[in-house]
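input_13.txt (compact mmCIF, C-alpha atoms) appears below.
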# COMPACT_ATOMS: atom_id res chain seq x y z
CA MET T 1351 -52.07 2.06 -47.17
CA ARG T 1352 -50.26 5.09 -45.76
CA ILE T 1353 -46.76 4.97 -44.31
CA ALA T 1354 -48.08 4.79 -40.71
CA GLU T 1355 -50.05 1.65 -41.57
CA LEU T 1356 -47.06 0.15 -43.42
CA SER T 1357 -45.04 0.78 -40.25
CA ARG T 1358 -47.69 -0.83 -38.04
CA GLN T 1359 -48.02 -3.96 -40.21
CA SER T 1360 -44.26 -4.43 -40.66
CA GLY T 1361 -43.14 -3.41 -37.17
CA VAL T 1362 -40.56 -1.10 -38.81
CA PRO T 1363 -40.53 2.51 -37.45
CA VAL T 1364 -41.56 5.27 -39.91
CA PRO T 1365 -38.13 7.03 -39.85
CA THR T 1366 -36.48 3.69 -40.75
CA ILE T 1367 -38.91 3.18 -43.65
CA LYS T 1368 -38.08 6.71 -44.88
CA TYR T 1369 -34.38 5.85 -44.68
CA TYR T 1370 -34.91 2.72 -46.82
CA LEU T 1371 -36.88 4.86 -49.33
CA ARG T 1372 -34.01 7.39 -49.53
CA GLU T 1373 -31.45 4.59 -49.88
CA GLY T 1374 -33.44 3.06 -52.72
CA LEU T 1375 -34.05 -0.25 -50.95
CA LEU T 1376 -37.81 0.27 -51.02
CA PRO T 1377 -39.62 1.54 -54.16
CA SER T 1378 -41.48 4.84 -53.75
CA GLY T 1379 -45.19 4.71 -53.01
CA GLU T 1380 -47.79 6.19 -55.33
CA LEU T 1381 -48.13 9.92 -54.64
CA THR T 1382 -51.74 10.83 -53.84
CA SER T 1383 -50.89 14.41 -52.84
CA PRO T 1384 -47.57 16.33 -52.70
CA ASN T 1385 -46.95 15.11 -49.13
CA GLN T 1386 -48.64 11.75 -49.12
CA ALA T 1387 -47.92 8.40 -50.74
CA GLN T 1388 -49.82 5.13 -50.81
CA TYR T 1389 -48.12 1.78 -50.29
CA ASP T 1390 -49.37 -1.73 -51.00
CA ASP T 1391 -48.60 -5.36 -50.18
CA THR T 1392 -45.55 -5.42 -52.47
CA HIS T 1393 -44.00 -2.73 -50.23
CA LEU T 1394 -44.86 -4.71 -47.10
CA ARG T 1395 -43.36 -7.86 -48.59
CA ARG T 1396 -40.20 -6.05 -49.68
CA LEU T 1397 -39.87 -4.40 -46.26
CA ARG T 1398 -40.02 -7.79 -44.53
CA LEU T 1399 -37.40 -9.17 -46.89
CA ILE T 1400 -35.11 -6.18 -46.18
CA ARG T 1401 -35.45 -6.73 -42.42
CA ALA T 1402 -34.82 -10.46 -42.77
CA LEU T 1403 -31.60 -9.87 -44.75
CA LEU T 1404 -30.41 -7.19 -42.29
CA ASP T 1405 -31.45 -8.77 -38.96
CA ILE T 1406 -30.98 -12.48 -39.54
CA GLY T 1407 -28.74 -12.54 -42.61
CA GLY T 1408 -26.44 -9.93 -41.06
CA LEU T 1409 -25.97 -8.20 -44.46
CA SER T 1410 -25.04 -4.51 -44.64
CA ILE T 1411 -27.40 -1.91 -46.17
CA GLY T 1412 -25.12 -1.80 -49.22
CA LEU T 1413 -25.23 -5.58 -49.71
CA VAL T 1414 -29.02 -5.66 -49.30
CA ARG T 1415 -29.28 -3.06 -52.07
CA GLU T 1416 -27.07 -5.20 -54.33
CA VAL T 1417 -29.13 -8.32 -53.60
CA LEU T 1418 -32.36 -6.46 -54.43
CA VAL T 1419 -30.86 -5.20 -57.70
CA ALA T 1420 -29.72 -8.75 -58.53
CA MET T 1421 -33.29 -9.92 -57.94
CA GLU T 1422 -34.54 -7.51 -60.65
CA THR T 1423 -33.02 -9.56 -63.45
CA PRO T 1424 -35.88 -11.53 -65.00
CA ASP T 1425 -35.65 -13.98 -67.89
CA LYS T 1426 -32.25 -15.26 -66.91
CA PRO T 1427 -31.72 -19.02 -66.54
CA VAL T 1428 -32.23 -20.10 -62.90
CA HIS T 1429 -28.66 -21.36 -62.69
CA ASP T 1430 -27.30 -17.95 -63.77
CA VAL T 1431 -29.46 -16.11 -61.22
CA LEU T 1432 -28.06 -18.36 -58.47
CA GLY T 1433 -24.60 -17.29 -59.61
CA VAL T 1434 -25.55 -13.59 -59.38
CA VAL T 1435 -27.12 -14.09 -55.94
CA GLN T 1436 -24.08 -16.03 -54.66
CA ARG T 1437 -21.67 -13.43 -56.00
CA THR T 1438 -23.60 -10.63 -54.29
CA ILE T 1439 -23.92 -12.24 -50.86
CA THR T 1440 -20.36 -13.59 -50.82
CA PRO T 1441 -18.11 -10.51 -50.90
CA PRO T 1442 -14.35 -11.05 -50.63
CA ARG T 1443 -13.07 -10.92 -47.06
CA ALA T 1444 -9.97 -9.11 -45.83
CA VAL T 1445 -7.87 -12.11 -44.88
CA ASN T 1446 -4.13 -12.58 -44.56
CA ASP T 1447 -3.56 -14.39 -47.85
CA GLU T 1448 -0.12 -15.80 -47.07
CA HIS T 1449 -1.46 -19.31 -47.69
CA ARG T 1450 -3.70 -18.57 -50.70
CA GLY T 1451 -1.78 -20.87 -53.02
CA TRP T 1452 -1.92 -23.73 -50.52
CA ALA T 1453 -5.66 -23.15 -49.93
CA ASP T 1454 -6.49 -23.01 -53.64
CA GLU T 1455 -4.73 -26.36 -54.11
CA ARG T 1456 -6.77 -27.91 -51.26
CA VAL T 1457 -9.98 -26.61 -52.87
CA ALA T 1458 -8.95 -27.92 -56.30
CA GLU T 1459 -8.25 -31.38 -54.84
CA LEU T 1460 -11.57 -31.38 -53.00
CA VAL T 1461 -13.52 -30.30 -56.08
CA SER T 1462 -11.82 -33.07 -58.06
CA ARG T 1463 -12.51 -35.71 -55.37
CA ARG T 1464 -16.21 -34.74 -55.15
CA GLY T 1465 -16.60 -34.29 -58.91
CA TRP T 1466 -18.10 -30.82 -58.38
CA ASP T 1467 -18.71 -28.30 -61.15
CA ALA T 1468 -16.71 -25.36 -59.71
CA ARG T 1469 -14.00 -22.96 -60.88
CA PRO T 1470 -11.53 -20.65 -59.09
CA VAL T 1471 -13.46 -17.55 -60.26
CA ASP T 1472 -16.63 -18.70 -58.43
CA PRO T 1473 -17.45 -16.76 -55.25
CA SER T 1474 -17.93 -20.03 -53.35
CA TRP T 1475 -14.44 -21.20 -54.38
CA ARG T 1476 -12.91 -17.94 -53.14
CA ALA T 1477 -14.94 -18.06 -49.91
CA LEU T 1478 -13.86 -21.64 -49.20
CA SER T 1479 -10.26 -20.79 -49.95
CA GLU T 1480 -10.42 -17.84 -47.51
CA VAL T 1481 -11.83 -20.05 -44.74
CA LEU T 1482 -9.10 -22.67 -45.32
CA MET T 1483 -6.32 -20.03 -45.24
CA THR T 1484 -7.66 -18.77 -41.93
CA LEU T 1485 -8.12 -22.26 -40.47
CA ARG T 1486 -4.52 -23.06 -41.33
CA GLN T 1487 -3.35 -19.93 -39.52
CA VAL T 1488 -5.16 -20.89 -36.32
CA ASP T 1489 -3.74 -24.42 -36.52
CA ALA T 1490 -7.15 -25.99 -36.74
CA ASP T 1491 -5.90 -29.28 -38.15
CA GLY T 1492 -8.87 -31.06 -36.63
CA VAL T 1493 -11.32 -29.15 -38.82
CA LEU T 1494 -9.23 -29.51 -41.99
CA ALA T 1495 -9.05 -33.29 -41.51
CA LEU T 1496 -12.86 -33.34 -41.58
CA LEU T 1497 -13.20 -31.38 -44.82
CA ASP T 1498 -14.50 -34.39 -46.74
CA ASP T 1499 -17.04 -35.24 -44.03
CA TYR T 1500 -18.36 -31.67 -44.13
CA SER T 1501 -18.37 -31.70 -47.94
CA LYS T 1502 -20.49 -34.83 -48.06
CA ILE T 1503 -22.93 -33.14 -45.67
CA ALA T 1504 -22.91 -29.97 -47.82
CA GLU T 1505 -24.09 -32.11 -50.74
CA ASP T 1506 -27.02 -33.34 -48.64
CA ILE T 1507 -27.87 -29.73 -47.72
CA ALA T 1508 -27.70 -28.57 -51.34
CA ALA T 1509 -29.96 -31.42 -52.45
CA VAL T 1510 -32.58 -30.22 -49.92
CA ASP T 1511 -32.01 -26.57 -50.97
CA VAL T 1512 -32.58 -27.25 -54.66
CA ARG T 1513 -35.59 -29.49 -53.91
CA SER T 1514 -37.16 -26.55 -52.04
CA LEU T 1515 -36.72 -24.36 -55.12
CA ILE T 1516 -38.19 -26.95 -57.48
CA HIS T 1517 -41.29 -27.33 -55.32
CA ARG T 1518 -41.72 -23.59 -54.98
CA ARG T 1519 -44.65 -22.09 -56.79
CA SER T 1520 -43.48 -20.85 -60.18
CA GLY T 1521 -42.84 -17.24 -61.19
CA THR T 1522 -39.44 -15.66 -61.68
CA GLU T 1523 -39.73 -13.35 -58.67
CA SER T 1524 -40.80 -16.20 -56.43
CA VAL T 1525 -37.94 -18.50 -57.45
CA ILE T 1526 -35.32 -15.75 -57.12
CA GLU T 1527 -36.72 -14.58 -53.79
CA GLY T 1528 -36.69 -18.20 -52.65
CA MET T 1529 -33.01 -18.43 -53.55
CA VAL T 1530 -32.13 -15.26 -51.66
CA VAL T 1531 -34.17 -16.20 -48.58
CA GLY T 1532 -33.06 -19.83 -48.71
CA THR T 1533 -29.39 -18.98 -49.06
CA VAL T 1534 -29.12 -16.13 -46.55
CA LEU T 1535 -31.68 -17.26 -43.97
CA GLY T 1536 -30.82 -20.90 -44.66
CA ASP T 1537 -27.29 -20.26 -43.36
CA ALA T 1538 -28.77 -18.79 -40.16
CA LEU T 1539 -31.22 -21.69 -39.85
CA LEU T 1540 -28.52 -24.31 -40.29
CA SER T 1541 -26.25 -22.48 -37.85
CA ALA T 1542 -28.97 -22.46 -35.16
CA LEU T 1543 -29.88 -26.13 -35.78
CA ARG T 1544 -26.20 -27.09 -35.74
CA ARG T 1545 -25.75 -25.47 -32.32
CA MET T 1546 -28.82 -27.19 -30.91
CA ALA T 1547 -27.65 -30.55 -32.28
CA GLN T 1548 -24.08 -29.88 -31.00
CA GLN T 1549 -25.43 -29.26 -27.54
CA ASN T 1550 -27.39 -32.52 -27.69
CA GLU T 1551 -24.40 -34.46 -29.03
CA SER T 1552 -22.07 -32.86 -26.46
CA SER T 1553 -24.47 -33.80 -23.67
CA ARG T 1554 -24.46 -37.42 -24.91
CA TYR T 1555 -20.67 -37.70 -25.27
CA PHE T 1556 -19.32 -35.48 -22.51
CA GLY T 1557 -22.27 -35.56 -20.12
CA LYS T 1558 -21.75 -33.36 -17.09
CA LYS T 1559 -18.83 -35.40 -15.78
CA VAL T 1560 -15.87 -35.08 -18.12
CA VAL T 1561 -13.58 -32.13 -17.38
CA ALA T 1562 -11.57 -30.56 -20.21
CA GLY T 1563 -7.84 -31.16 -19.99
CA MET B 18 10.01 -10.91 -30.45
CA ARG B 19 9.32 -7.19 -30.73
CA ILE B 20 6.05 -5.74 -31.96
CA ALA B 21 7.42 -5.19 -35.48
CA GLU B 22 8.26 -8.89 -35.78
CA LEU B 23 4.86 -9.87 -34.33
CA SER B 24 3.30 -7.68 -37.03
CA ARG B 25 5.42 -9.26 -39.76
CA GLN B 26 4.65 -12.84 -38.72
CA SER B 27 0.92 -12.24 -38.25
CA GLY B 28 0.36 -9.86 -41.16
CA VAL B 29 -1.47 -7.50 -38.78
CA PRO B 30 -0.28 -3.83 -38.90
CA VAL B 31 1.42 -2.46 -35.76
CA PRO B 32 -1.29 0.20 -35.08
CA THR B 33 -3.94 -2.56 -35.18
CA ILE B 34 -1.94 -4.69 -32.73
CA LYS B 35 -1.70 -1.65 -30.42
CA TYR B 36 -5.46 -1.21 -30.69
CA TYR B 37 -6.05 -4.85 -29.66
CA LEU B 38 -3.63 -4.34 -26.72
CA ARG B 39 -5.57 -1.24 -25.59
CA GLU B 40 -8.90 -3.06 -25.98
CA GLY B 41 -7.62 -5.95 -23.87
CA LEU B 42 -7.99 -8.55 -26.67
CA LEU B 43 -4.27 -9.28 -26.60
CA PRO B 44 -2.31 -9.69 -23.32
CA SER B 45 0.51 -7.18 -22.78
CA GLY B 46 4.04 -8.22 -23.71
CA GLU B 47 6.85 -8.43 -21.18
CA LEU B 48 8.38 -4.97 -20.70
CA THR B 49 12.14 -5.03 -21.38
CA SER B 50 12.51 -1.25 -21.17
CA PRO B 51 9.98 1.56 -20.49
CA ASN B 52 9.15 1.77 -24.23
CA GLN B 53 9.72 -1.78 -25.37
CA ALA B 54 7.91 -5.05 -24.85
CA GLN B 55 8.67 -8.60 -25.91
CA TYR B 56 6.03 -10.90 -27.37
CA ASP B 57 6.07 -14.66 -27.89
CA ASP B 58 4.24 -17.43 -29.75
CA THR B 59 1.21 -17.24 -27.44
CA HIS B 60 0.71 -13.64 -28.64
CA LEU B 61 1.06 -14.70 -32.27
CA ARG B 62 -1.42 -17.54 -31.77
CA ARG B 63 -3.90 -15.27 -29.98
CA LEU B 64 -3.54 -12.60 -32.71
CA ARG B 65 -4.37 -15.15 -35.44
CA LEU B 66 -7.40 -16.32 -33.48
CA ILE B 67 -8.61 -12.69 -33.10
CA ARG B 68 -8.27 -12.10 -36.86
CA ALA B 69 -10.04 -15.36 -37.65
CA LEU B 70 -13.00 -14.47 -35.43
CA LEU B 71 -13.19 -10.92 -36.86
CA ASP B 72 -12.53 -11.59 -40.55
CA ILE B 73 -14.14 -14.97 -41.15
CA GLY B 74 -16.46 -15.30 -38.15
CA GLY B 75 -17.74 -11.75 -38.66
CA LEU B 76 -17.82 -11.13 -34.89
CA SER B 77 -17.55 -7.59 -33.49
CA ILE B 78 -14.58 -6.47 -31.34
CA GLY B 79 -16.87 -6.63 -28.28
CA LEU B 80 -17.96 -10.20 -29.03
CA VAL B 81 -14.38 -11.32 -29.66
CA ARG B 82 -13.46 -9.95 -26.23
CA GLU B 83 -16.33 -11.89 -24.64
CA VAL B 84 -15.31 -15.11 -26.42
CA LEU B 85 -11.71 -14.70 -25.23
CA VAL B 86 -12.91 -14.13 -21.65
CA ALA B 87 -15.13 -17.22 -21.92
CA MET B 88 -12.07 -19.19 -23.03
CA GLU B 89 -10.27 -18.27 -19.80
CA THR B 90 -12.48 -20.51 -17.66
CA PRO B 91 -10.50 -23.69 -17.02
CA ASP B 92 -11.63 -26.70 -14.99
CA LYS B 93 -15.21 -26.50 -16.14
CA PRO B 94 -16.84 -29.60 -17.66
CA VAL B 95 -16.51 -29.57 -21.47
CA HIS B 96 -20.28 -29.52 -21.90
CA ASP B 97 -20.56 -26.39 -19.72
CA VAL B 98 -17.82 -24.61 -21.69
CA LEU B 99 -19.70 -25.34 -24.91
CA GLY B 100 -22.71 -23.64 -23.30
CA VAL B 101 -20.65 -20.55 -22.43
CA VAL B 102 -19.15 -20.39 -25.93
CA GLN B 103 -22.56 -20.80 -27.59
CA ARG B 104 -24.11 -18.13 -25.37
CA THR B 105 -21.32 -15.67 -26.21
CA ILE B 106 -21.35 -16.14 -29.97
CA THR B 107 -25.15 -16.24 -30.26
CA PRO B 108 -26.32 -12.80 -29.09
CA PRO B 109 -30.06 -12.04 -29.32
CA ARG B 110 -31.02 -10.38 -32.60
CA ALA B 111 -33.35 -7.42 -33.04
CA VAL B 112 -36.24 -9.16 -34.77
CA ASN B 113 -39.92 -8.31 -35.05
CA ASP B 114 -41.17 -10.80 -32.46
CA GLU B 115 -44.83 -10.77 -33.48
CA HIS B 116 -44.69 -14.53 -34.05
CA ARG B 117 -42.48 -15.50 -31.09
CA GLY B 118 -45.16 -17.71 -29.51
CA TRP B 119 -45.77 -19.51 -32.79
CA ALA B 120 -42.03 -19.97 -33.38
CA ASP B 121 -41.37 -21.28 -29.85
CA GLU B 122 -44.10 -23.89 -30.38
CA ARG B 123 -42.51 -25.02 -33.67
CA VAL B 124 -39.13 -25.34 -31.91
CA ALA B 125 -40.70 -27.30 -29.01
CA GLU B 126 -42.36 -29.71 -31.47
CA LEU B 127 -39.12 -30.16 -33.39
CA VAL B 128 -37.08 -30.78 -30.21
CA SER B 129 -39.64 -33.35 -29.13
CA ARG B 130 -39.68 -35.09 -32.54
CA ARG B 131 -35.86 -35.30 -32.64
CA GLY B 132 -35.52 -36.19 -28.95
CA TRP B 133 -33.01 -33.38 -28.45
CA ASP B 134 -31.79 -32.19 -25.05
CA ALA B 135 -32.73 -28.48 -25.38
CA ARG B 136 -34.59 -25.85 -23.36
CA PRO B 137 -36.14 -22.45 -24.21
CA VAL B 138 -33.40 -20.64 -22.22
CA ASP B 139 -30.65 -22.07 -24.46
CA PRO B 140 -29.11 -19.58 -26.91
CA SER B 141 -29.57 -22.06 -29.78
CA TRP B 142 -33.31 -22.36 -29.01
CA ARG B 143 -33.69 -18.56 -29.06
CA ALA B 144 -31.64 -18.27 -32.26
CA LEU B 145 -33.72 -20.93 -34.02
CA SER B 146 -36.92 -19.28 -32.85
CA GLU B 147 -35.74 -15.92 -34.25
CA VAL B 148 -34.95 -17.45 -37.63
CA LEU B 149 -38.37 -19.16 -37.78
CA MET B 150 -40.19 -15.90 -36.88
CA THR B 151 -38.36 -14.14 -39.68
CA LEU B 152 -38.92 -16.94 -42.19
CA ARG B 153 -42.63 -16.81 -41.44
CA GLN B 154 -42.68 -13.07 -42.13
CA VAL B 155 -41.09 -13.48 -45.54
CA ASP B 156 -43.53 -16.28 -46.40
CA ALA B 157 -40.78 -18.82 -46.84
CA ASP B 158 -43.07 -21.82 -46.49
CA GLY B 159 -40.72 -23.84 -48.64
CA VAL B 160 -37.93 -23.59 -46.10
CA LEU B 161 -40.19 -24.27 -43.09
CA ALA B 162 -41.48 -27.45 -44.73
CA LEU B 163 -37.90 -28.69 -44.88
CA LEU B 164 -37.14 -28.06 -41.20
CA ASP B 165 -36.94 -31.78 -40.41
CA ASP B 166 -34.66 -32.47 -43.37
CA TYR B 167 -32.29 -29.72 -42.23
CA SER B 168 -32.49 -30.94 -38.62
CA LYS B 169 -31.46 -34.45 -39.62
CA ILE B 170 -28.49 -32.94 -41.47
CA ALA B 171 -27.64 -30.76 -38.43
CA GLU B 172 -27.34 -33.98 -36.40
CA ASP B 173 -24.83 -35.32 -38.93
CA ILE B 174 -22.84 -32.06 -38.71
CA ALA B 175 -22.85 -32.11 -34.89
CA ALA B 176 -21.62 -35.71 -34.87
CA VAL B 177 -18.64 -34.66 -37.01
CA ASP B 178 -18.11 -31.53 -34.84
CA VAL B 179 -17.98 -33.49 -31.60
CA ARG B 180 -15.79 -36.18 -33.16
CA SER B 181 -13.27 -33.46 -34.09
CA LEU B 182 -13.19 -32.30 -30.45
CA ILE B 183 -12.73 -35.83 -29.10
CA HIS B 184 -9.78 -36.46 -31.41
CA ARG B 185 -8.18 -33.12 -30.57
CA ARG B 186 -5.02 -33.29 -28.53
CA SER B 187 -5.92 -32.87 -24.89
CA GLY B 188 -5.49 -29.76 -22.75
CA THR B 189 -8.20 -27.41 -21.63
CA GLU B 190 -7.07 -24.50 -23.78
CA SER B 191 -6.82 -26.68 -26.84
CA VAL B 192 -10.31 -28.18 -26.45
CA ILE B 193 -11.92 -24.80 -25.76
CA GLU B 194 -10.06 -23.12 -28.62
CA GLY B 195 -11.15 -26.01 -30.84
CA MET B 196 -14.78 -25.35 -29.88
CA VAL B 197 -14.53 -21.64 -30.63
CA VAL B 198 -12.74 -22.15 -33.95
CA GLY B 199 -14.92 -25.11 -34.90
CA THR B 200 -18.16 -23.31 -34.12
CA VAL B 201 -17.40 -19.87 -35.58
CA LEU B 202 -15.19 -20.86 -38.52
CA GLY B 203 -17.17 -24.08 -38.97
CA ASP B 204 -20.25 -22.00 -39.82
CA ALA B 205 -18.23 -20.12 -42.46
CA LEU B 206 -16.77 -23.39 -43.79
CA LEU B 207 -20.19 -25.04 -44.07
CA SER B 208 -21.65 -21.92 -45.69
CA ALA B 209 -18.92 -21.90 -48.36
CA LEU B 210 -19.21 -25.67 -48.98
CA ARG B 211 -22.99 -25.38 -49.14
CA ARG B 212 -22.75 -22.70 -51.86
CA MET B 213 -20.31 -24.75 -53.86
CA ALA B 214 -22.52 -27.83 -53.58
CA GLN B 215 -25.62 -25.72 -54.40
CA GLN B 216 -23.97 -24.51 -57.55
CA ASN B 217 -23.12 -28.06 -58.54
CA GLU B 218 -26.64 -29.31 -57.73
CA SER B 219 -28.23 -26.35 -59.52
CA SER B 220 -26.10 -27.04 -62.59
CA ARG B 221 -27.30 -30.68 -62.56
CA TYR B 222 -31.00 -29.86 -62.12
CA PHE B 223 -31.44 -26.58 -63.95
CA GLY B 224 -28.50 -26.80 -66.35
CA LYS B 225 -28.15 -23.72 -68.52
CA LYS B 226 -31.49 -24.22 -70.28
CA VAL B 227 -34.33 -23.77 -67.80
CA VAL B 228 -35.56 -20.19 -67.45
CA ALA B 229 -37.16 -19.10 -64.17
CA GLY B 230 -40.88 -18.43 -64.42

Structure re-expressed in structure tokens:
Amino acid sequence: MRIAELSRQSGVPVPTIKYYLREGLLPSGELTSPNQAQYDDTHLRRLRLIRALLDIGGLSIGLVREVLVAMETPDKPVHDVLGVVQRTITPPRAVNDEHRGWADERVAELVSRRGWDARPVDPSWRALSEVLMTLRQVDADGVLALLDDYSKIAEDIAAVDVRSLIHRRSGTESVIEGMVVGTVLGDALLSALRRMAQQNESSRYFGKKVVAG
Amino acid sequence: MRIAELSRQSGVPVPTIKYYLREGLLPSGELTSPNQAQYDDTHLRRLRLIRALLDIGGLSIGLVREVLVAMETPDKPVHDVLGVVQRTITPPRAVNDEHRGWADERVAELVSRRGWDARPVDPSWRALSEVLMTLRQVDADGVLALLDDYSKIAEDIAAVDVRSLIHRRSGTESVIEGMVVGTVLGDALLSALRRMAQQNESSRYFGKKVVAG
């Protein structure tokens, strides 16, 4: 198909598609004349993935490029690919690291209590440590006290996540794409479901009668 | 304290603090001379909350301002404040809404199955619908099939969330701040825990031996 048709089917404007081509997010089409290229379903599929990561995942153009590069690493063990994907979509955050030592200790204790296979160099360890540092600074003792409750729930989520990968039709690209989509869009899905369930739970507990304070 | 001390205690550079003052994120200090203002612990606390929402929550300056304004609405029922907070931190996303009708039906069925108190005008309903539309476009059937599993888990999360609010020391500001921190930073906390648990689960299931494909 030509670029106009690719635009129509994806809902992405032609200038935006050209921008993704220039930025190397989308592979070039096959040139059929000096000014014209043909695109196929792999381009359409890639374009939809790019939009999903940008619009729902909230990733930057630069991070999307890194994720797509990470996806082009076939013949690696699944567990290693998950590591590459996690590292890419979990960049370090600019936080005030006054309490980094304290936070790393809390993470180490948690990992030991849960018996998790995790090390300080893992992006998830660093990300958790950054959240804990920040929570401590805003005095959110309530949330910290519930760390184990949330951790138990995270195990339930991960069990569902991994089950979805196991049941996925085979093929390296498919499994890796499933990881990327499941991790990035899965966060957005869980966040939306959590808010809907919060609202329901809040309505049950607080009703319309209780006034804050 | 003077602005230099506020900067030292918060770890936020003086020019950044001045920017937040100009943008109305931080209330002005008390003028002690034409060129000098005094700040107190409420400024320090507010500054840490601003950084938490920006750095960990990933909110924009504009959204942080809206959240802070939403927090200044005392004497509203707790359930209503949660609605205001959710609406503020869940802005509509620019998605290709080709499948909006299909997605809204899926959400309606889910809400009915779970017996949730939710309506199409709720920000969480719209957010969930946007994620489902996008998931459908990237052919993530695996994730959609697990919607009920994730929803059950979201109920567990919300029960913990609301419990943390109930146990929080009373006071309107404290409960509302707890909601903001718990919702925005809670998403980041759950995301980090989920990745750590995923890694652990992936290591158990896939080990280092299984190759994708």

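Environment of (-5.4, -17.1, -38.5): residues at most 8 Å away, judged by all atoms listed in the file, are T:Asn1446, T:Met1483, T:Thr1484, T:Leu1485, T:Arg1486, T:Gln1487, T:Val1488, T:Asp1489, B:Ser27, B:Arg62, B:Leu64, B:Arg65, B:Leu66, B:Ile67, B:Arg68, B:Ala69.
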
- Quick one: everything within 7 Å of segment 104-107 of chain B, counting all atoms listed in the file, minus sequence neighbours fewer than 2 positions away in the same chain. Send it as number ranges by chain. B: 80, 83-84, 100-102, 109, 140

Export, as a short mmCIF file (atom, residue, chain, number, x, y, z; two decimals), keeping the file's coordinate frame, the selected residues with C-alpha atoms.
data_model
loop_
_atom_site.label_atom_id
_atom_site.label_comp_id
_atom_site.auth_asym_id
_atom_site.auth_seq_id
_atom_site.Cartn_x
_atom_site.Cartn_y
_atom_site.Cartn_z
CA LEU B 80 -17.96 -10.20 -29.03
CA GLU B 83 -16.33 -11.89 -24.64
CA VAL B 84 -15.31 -15.11 -26.42
CA GLY B 100 -22.71 -23.64 -23.30
CA VAL B 101 -20.65 -20.55 -22.43
CA VAL B 102 -19.15 -20.39 -25.93
CA PRO B 109 -30.06 -12.04 -29.32
CA PRO B 140 -29.11 -19.58 -26.91
#

- Message: Could you check the closest approach to Lys35 of chain B for each of B:Ala21, B:Leu99, B:Leu48, B:Leu163 and tell me which residue wins, using only C-alpha atoms?
- Response: B:Ala21

- Query: Any idea what the distance is between atom CA of Val192 of chain B and atom CA of Arg1544 of chain T?
  - Reply: 18.4 Å

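The coordinates place atom CA of Val1362 of chain T at 22.2 Å from atom CA of Thr1382 of chain T.
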
- What does the distance between atom CA of Glu172 of chain B and atom CA of Val124 of chain B come to in Å, to one decimal place? 15.3 Å

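The shortest atom-to-atom distance to Glu1480 of chain T, with all atoms listed in the file taken into account, belongs to B:Asp72 out of B:Tyr222, B:Asp72, B:Thr200, B:Ile170.
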
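Distance check against Arg82 of chain B using only C-alpha atoms: of B:Ala111, B:Leu38, B:Leu164, B:Leu61, the minimum falls on B:Leu38.
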
- Item | Selection near Leu85 of chain B, 8 Å with all atoms listed in the file, sequence-local residues under 4 positions removed, as a PyMOL selection string | chain B and resi 42+81+89

- Pull the neighbourhood of (-30.4, -22.6, -48.2) for me: all residues within 6 Å in file coordinates, counting only C-alpha atoms, as a PyMOL selection string. chain T and resi 1511+1532-1533+1536

- Query: Leaving out Asp166 of chain B and any residue of its chain fewer than 2 positions from it, which residues lie within 12 Å of it when counting all atoms listed in the file, given as a PyMOL selection string?
  - Reply: (chain T and resi 1503+1506-1511+1513-1514+1539-1540+1543) or (chain B and resi 127+131+159-164+168-173)

- Using only C-alpha atoms, which of B:Val179, B:Leu149, B:Ala214, B:Ala87 sits nearest Leu1535 of chain T? B:Leu149
